[in-house]
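Novice: Quick one: this structure, given as structure tokens, is what I'll be asking you about.
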Amino acid sequence: MLLAIGIVTLFLTAFMLAIYGYLGKHTERDVSFFMAVGIISIVMNLFTNAGGGGALWLSVGYLAIAVIFIALSFAVSVQGTVGFYKSVGSWCVKTFTNVSLIGWQILSFFLFPAGIALYFVWYKTKPELAEVCGKASMWGVLLWVVLLWTILGILL
């Protein structure tokens, strides 16, 4: 039970950080408090999962923080939050329909050292492709760190 709540909380907190990252970039609102609490919450959730034991109430608390903060995003900026949800669809269409770049994105995401190397090789000659590879590799690094931390938390 603790593990399931911890994994759901991990994904909800990452989603909450994405919302407030978008609001911080596209609105005039200061969302630094929400971002800081989200980062602390995600790290503490991973430590709670790794620690195991009877810390069910802590995991439920982190889950409640994520759900409440997702709901509070509408109080911060209704237009910005609606804009975030609208942008998710257009981002998916833009990302997955560009067949000339999808192979490089997949390679850079799953093999992030290759993506980082491609970024530095192409940043002067092919800046658009270098940026795509660099962004995908950074998301890949983040994914691998979170997955590794989660798996080690489950196993230890």
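Here, A, B, ... name the chains of the structure tokens in the order displayed, residue numbers run from 1 inside each chain, and ligands are numbered from 1 in the same displayed order.
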For region 76-79 of chain A, work out the shell of residues within 12 Å, counting only C-alpha atoms and skipping chain neighbours fewer than 4 positions away, then give it as a PDB file with N, CA and C atoms, in the first residue's frame.
Specialist:
```pdb
ATOM      1  N   ILE A  19       3.044  21.933 -13.953  1.00  0.00           N
ATOM      2  CA  ILE A  19       2.035  22.999 -14.000  1.00  0.00           C
ATOM      3  C   ILE A  19       2.632  24.311 -13.508  1.00  0.00           C
ATOM      4  N   TYR A  20       3.285  24.277 -12.356  1.00  0.00           N
ATOM      5  CA  TYR A  20       3.817  25.519 -11.802  1.00  0.00           C
ATOM      6  C   TYR A  20       5.029  26.027 -12.584  1.00  0.00           C
ATOM      7  N   TYR A  22       5.147  25.852 -15.839  1.00  0.00           N
ATOM      8  CA  TYR A  22       4.464  26.553 -16.929  1.00  0.00           C
ATOM      9  C   TYR A  22       3.923  27.892 -16.442  1.00  0.00           C
ATOM     10  N   LEU A  23       3.285  27.904 -15.270  1.00  0.00           N
ATOM     11  CA  LEU A  23       2.731  29.158 -14.749  1.00  0.00           C
ATOM     12  C   LEU A  23       3.824  30.181 -14.477  1.00  0.00           C
ATOM     13  N   GLY A  24       4.955  29.716 -13.972  1.00  0.00           N
ATOM     14  CA  GLY A  24       6.064  30.630 -13.705  1.00  0.00           C
ATOM     15  C   GLY A  24       6.627  31.252 -14.973  1.00  0.00           C
ATOM     16  N   HIS A  26       4.837  31.510 -18.030  1.00  0.00           N
ATOM     17  CA  HIS A  26       3.847  32.137 -18.895  1.00  0.00           C
ATOM     18  C   HIS A  26       2.911  33.126 -18.191  1.00  0.00           C
ATOM     19  N   THR A  27       3.071  33.330 -16.902  1.00  0.00           N
ATOM     20  CA  THR A  27       2.260  34.314 -16.200  1.00  0.00           C
ATOM     21  C   THR A  27       3.176  35.227 -15.393  1.00  0.00           C
ATOM     22  N   GLU A  28       2.598  36.255 -14.826  1.00  0.00           N
ATOM     23  CA  GLU A  28       3.358  37.193 -13.996  1.00  0.00           C
ATOM     24  C   GLU A  28       3.350  36.783 -12.526  1.00  0.00           C
ATOM     25  N   ARG A  29       2.817  35.626 -12.227  1.00  0.00           N
ATOM     26  CA  ARG A  29       2.692  35.168 -10.834  1.00  0.00           C
ATOM     27  C   ARG A  29       4.004  34.590 -10.332  1.00  0.00           C
ATOM     28  N   ASP A  30       4.247  34.785  -9.043  1.00  0.00           N
ATOM     29  CA  ASP A  30       5.408  34.193  -8.392  1.00  0.00           C
ATOM     30  C   ASP A  30       4.999  32.827  -7.843  1.00  0.00           C
ATOM     31  N   VAL A  31       5.532  31.773  -8.415  1.00  0.00           N
ATOM     32  CA  VAL A  31       5.170  30.417  -8.007  1.00  0.00           C
ATOM     33  C   VAL A  31       6.333  29.717  -7.306  1.00  0.00           C
ATOM     34  N   SER A  32       7.298  30.489  -6.832  1.00  0.00           N
ATOM     35  CA  SER A  32       8.482  29.886  -6.224  1.00  0.00           C
ATOM     36  C   SER A  32       8.141  29.070  -4.975  1.00  0.00           C
ATOM     37  N   PHE A  33       7.158  29.497  -4.194  1.00  0.00           N
ATOM     38  CA  PHE A  33       6.754  28.725  -3.011  1.00  0.00           C
ATOM     39  C   PHE A  33       6.256  27.348  -3.419  1.00  0.00           C
ATOM     40  N   PHE A  34       5.389  27.297  -4.429  1.00  0.00           N
ATOM     41  CA  PHE A  34       4.826  26.024  -4.876  1.00  0.00           C
ATOM     42  C   PHE A  34       5.911  25.124  -5.453  1.00  0.00           C
ATOM     43  N   PHE A  69      -2.159  21.216  -4.263  1.00  0.00           N
ATOM     44  CA  PHE A  69      -1.424  22.191  -5.067  1.00  0.00           C
ATOM     45  C   PHE A  69      -1.869  22.172  -6.524  1.00  0.00           C
ATOM     46  N   ILE A  70      -2.248  21.001  -7.051  1.00  0.00           N
ATOM     47  CA  ILE A  70      -2.787  20.958  -8.410  1.00  0.00           C
ATOM     48  C   ILE A  70      -4.094  21.747  -8.463  1.00  0.00           C
ATOM     49  N   ALA A  71      -4.936  21.584  -7.450  1.00  0.00           N
ATOM     50  CA  ALA A  71      -6.194  22.334  -7.405  1.00  0.00           C
ATOM     51  C   ALA A  71      -5.938  23.832  -7.214  1.00  0.00           C
ATOM     52  N   LEU A  72      -4.919  24.185  -6.422  1.00  0.00           N
ATOM     53  CA  LEU A  72      -4.614  25.595  -6.179  1.00  0.00           C
ATOM     54  C   LEU A  72      -4.046  26.301  -7.406  1.00  0.00           C
ATOM     55  N   GLY A  83      -4.395  27.415 -19.957  1.00  0.00           N
ATOM     56  CA  GLY A  83      -3.395  27.444 -21.018  1.00  0.00           C
ATOM     57  C   GLY A  83      -2.443  26.262 -20.947  1.00  0.00           C
ATOM     58  N   PHE A  84      -2.086  25.861 -19.724  1.00  0.00           N
ATOM     59  CA  PHE A  84      -1.225  24.684 -19.559  1.00  0.00           C
ATOM     60  C   PHE A  84      -1.902  23.438 -20.107  1.00  0.00           C
ATOM     61  N   TYR A  85      -3.148  23.226 -19.717  1.00  0.00           N
ATOM     62  CA  TYR A  85      -3.854  22.026 -20.173  1.00  0.00           C
ATOM     63  C   TYR A  85      -4.072  22.047 -21.687  1.00  0.00           C
ATOM     64  N   LYS A  86      -4.293  23.221 -22.250  1.00  0.00           N
ATOM     65  CA  LYS A  86      -4.429  23.322 -23.706  1.00  0.00           C
ATOM     66  C   LYS A  86      -3.100  23.061 -24.400  1.00  0.00           C
ATOM     67  N   SER A  87      -2.008  23.481 -23.787  1.00  0.00           N
ATOM     68  CA  SER A  87      -0.698  23.324 -24.419  1.00  0.00           C
ATOM     69  C   SER A  87      -0.218  21.880 -24.425  1.00  0.00           C
TER      70      SER A  87
END
```
Novice: Determine, counting only C-alpha atoms, which protein, DNA and RNA residues have an atom within 12 Å of an atom of region 100-112 of chain A; residues of the same chain fewer than 3 positions away are not included. Present the result as a ChimeraX atom specification.
Specialist: /A:92-97,115-119,128-145
Novice: Do you know which residues are at most 12 Å from region 8-15 of chain A counting only C-alpha atoms, after dropping those on the same chain fewer than 4 positions away, and could you put them as a ChimeraX atom specification?
Specialist: /A:1-4,19-22,34-49,58-71,73,84-85,88,142-143,146-147,149-150
Novice: If you measure from CA of Leu152 (chain A) to CA of Ala114 (chain A), what distance in Å do you get, rounded to one decimal?
Specialist: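 Distance between the two atoms: 24.6 Å.
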Novice: How many Å separate CA of Leu56 (chain A) from CA of Gly6 (chain A)?
Specialist: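 That distance, rounded to one decimal, is 9.0 Å.
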Novice: Report the distance between CA of Ala50 (chain A) and CA of Ile151 (chain A) in Å, rounded to one decimal place.
Specialist: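 About the pair CA of Ala50 (chain A) and CA of Ile151 (chain A): they are 8.8 Å apart.
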